[in-house]
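Right, one structure below, let's go through it.
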Amino acid sequence: MAMEVVIYACQQAVPDPESLRAEFGKSGVKLQLLSEPCSSKVEAFQMLRTLAANVDLVWVIGCPEDLCRYNEGSHRLGSRVAYTRRYLGEIGLEPERLGRSLVTPGDQGALKVVVAEIKAQLQALGPSPLKASSEMAEKSGVAGSKKAKRQKG
């Protein structure tokens, strides 16, 4: 099964999302890239919901704090990522499944470094434990019985 990554990317920090997608190339990583007007628009519940959707890693790319066009956007994101990581630890998931990088707008070299960091993190963590539990539920018929109940109701 392919590893899956969701990246929330600030439109200023990553003005050309396709160049970021190209950096992943044929690595076998399933990539979902979501452009945001500012990384501060990514909320804790979004990061948690994304991780709960059988994704192996969530990463947010923003601008350095002094270059953020919304003044405090990157600072707010940093606080949200720290909060979400603490919460992940409290519920027994690896906080490392959520990452954050700050990239100077248009710096392709920095984006290459971020992609290498994401790939290394994926390799170090392996598949999400949530994927394994959902696969076991499907095999045991739990998911099928819930689906059947929904269809009856």
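As shown in the structure tokens, the chain order sets the letters A, B, ...; within each chain, residues go from 1, and ligands are also counted from 1 in the order they appear.
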Give me the residues of region 3-32 of chain A that have any atom at most 12 Å from an atom of region 122-133 of chain A; for each, the nearest atom pair and the distance in Å, rounded to one decimal. Use only C-alpha atoms, sort by chain and number, and format it as CSV.
```
residue,atom,partner,partner_atom,distance
A:Met3,CA,A:Pro127,CA,6.5
A:Glu4,CA,A:Pro127,CA,8.5
A:Val5,CA,A:Leu122,CA,8.4
A:Val6,CA,A:Leu122,CA,11.6
A:Ser27,CA,A:Leu122,CA,11.5
A:Gly28,CA,A:Leu122,CA,11.5
A:Val29,CA,A:Leu122,CA,9.2
A:Lys30,CA,A:Leu122,CA,11.4
A:Leu31,CA,A:Leu122,CA,11.9
```
**Report entry** Test item, alpha helix (DSSP H) assignment across chain A, answer as JSON, numbers by chain
**Finding:** {"A": [17, 18, 19, 20, 21, 22, 23, 24, 44, 45, 46, 47, 48, 49, 50, 51, 52, 73, 74, 75, 76, 77, 78, 79, 80, 81, 82, 83, 84, 85, 86, 87, 88, 89, 90, 108, 109, 110, 111, 112, 113, 114, 115, 116, 117, 118, 119, 120, 121, 122, 123, 124, 125, 129, 130, 131, 132, 133, 134, 135, 136, 137, 138, 139, 140, 142, 143, 144, 145, 146, 147, 148, 149, 150, 151, 152]}
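Among the residues of region 53-147 of chain A, backbone DSSP assigns strand (DSSP E) to Leu57, Val58, Trp59, Val60, Ile61, Gly62, Leu98, Gly99, Arg100, Ser101 and Leu102 of chain A.
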Query - Who sits within 8 Å of Thr104 (chain A), only C-alpha atoms, same chain under 6 positions skipped, as a ChimeraX atom specification - result: /A:13,63-64,67,110
Requested in this report: Have a look at A:Gly62, A:Leu51, A:Ser35, A:Phe24 and name the one nearest to Asp107 (chain A); count only C-alpha atoms.
Outcome: A:Gly62
Query raised in the report: So which residues touch Pro37 (chain A) within 12 Å, counting only C-alpha atoms, skipping near sequence neighbours fewer than 6 positions away, as a PyMOL selection string?
Result: chain A and resi 8-15+61-63+68-70+73-74
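CA of Lys112 (chain A) lies 17.1 Å from CA of Val58 (chain A).
Nearest to Ala52 (chain A) of all the residues A:Ile7, A:Leu93, A:Val103, A:Leu111 is A:Leu93, counting only C-alpha atoms.
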Report task. Write out as number ranges by chain the residues lying within 10 Å of region 46-50 of chain A, counting only C-alpha atoms and excluding same-chain residues fewer than 2 positions away. Result -> A: 5-8, 41-44, 52-60, 80-81, 84-85, 87-88, 98
Query - Atomic distance CA of Leu34 (chain A) - CA of Glu94 (chain A), expressed in Å with one decimal - result: 22.5 Å
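Ranking A:Leu77, A:Leu33, A:Lys119, A:Glu96 by their shortest atom-to-atom distance to Ser19 (chain A), with only C-alpha atoms included, puts A:Leu33 first.
Interatomic distance, CA of Leu102 (chain A) to CA of Arg86 (chain A): 20.1 Å.
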Query raised in the report: Pick the closest to Gly99 (chain A) from A:Val113, A:Ile118, A:Ser40, A:Glu18: which is it, counting only C-alpha atoms?
Result: A:Ile118
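Summary of the local environment: counting only C-alpha atoms, residues at most 10 Å from Arg21 (chain A), other than itself and those fewer than 4 positions away along its chain, are Asp16, Pro17, Gly25, Lys26, Leu31, Gln32, Leu33 and Val115 of chain A.
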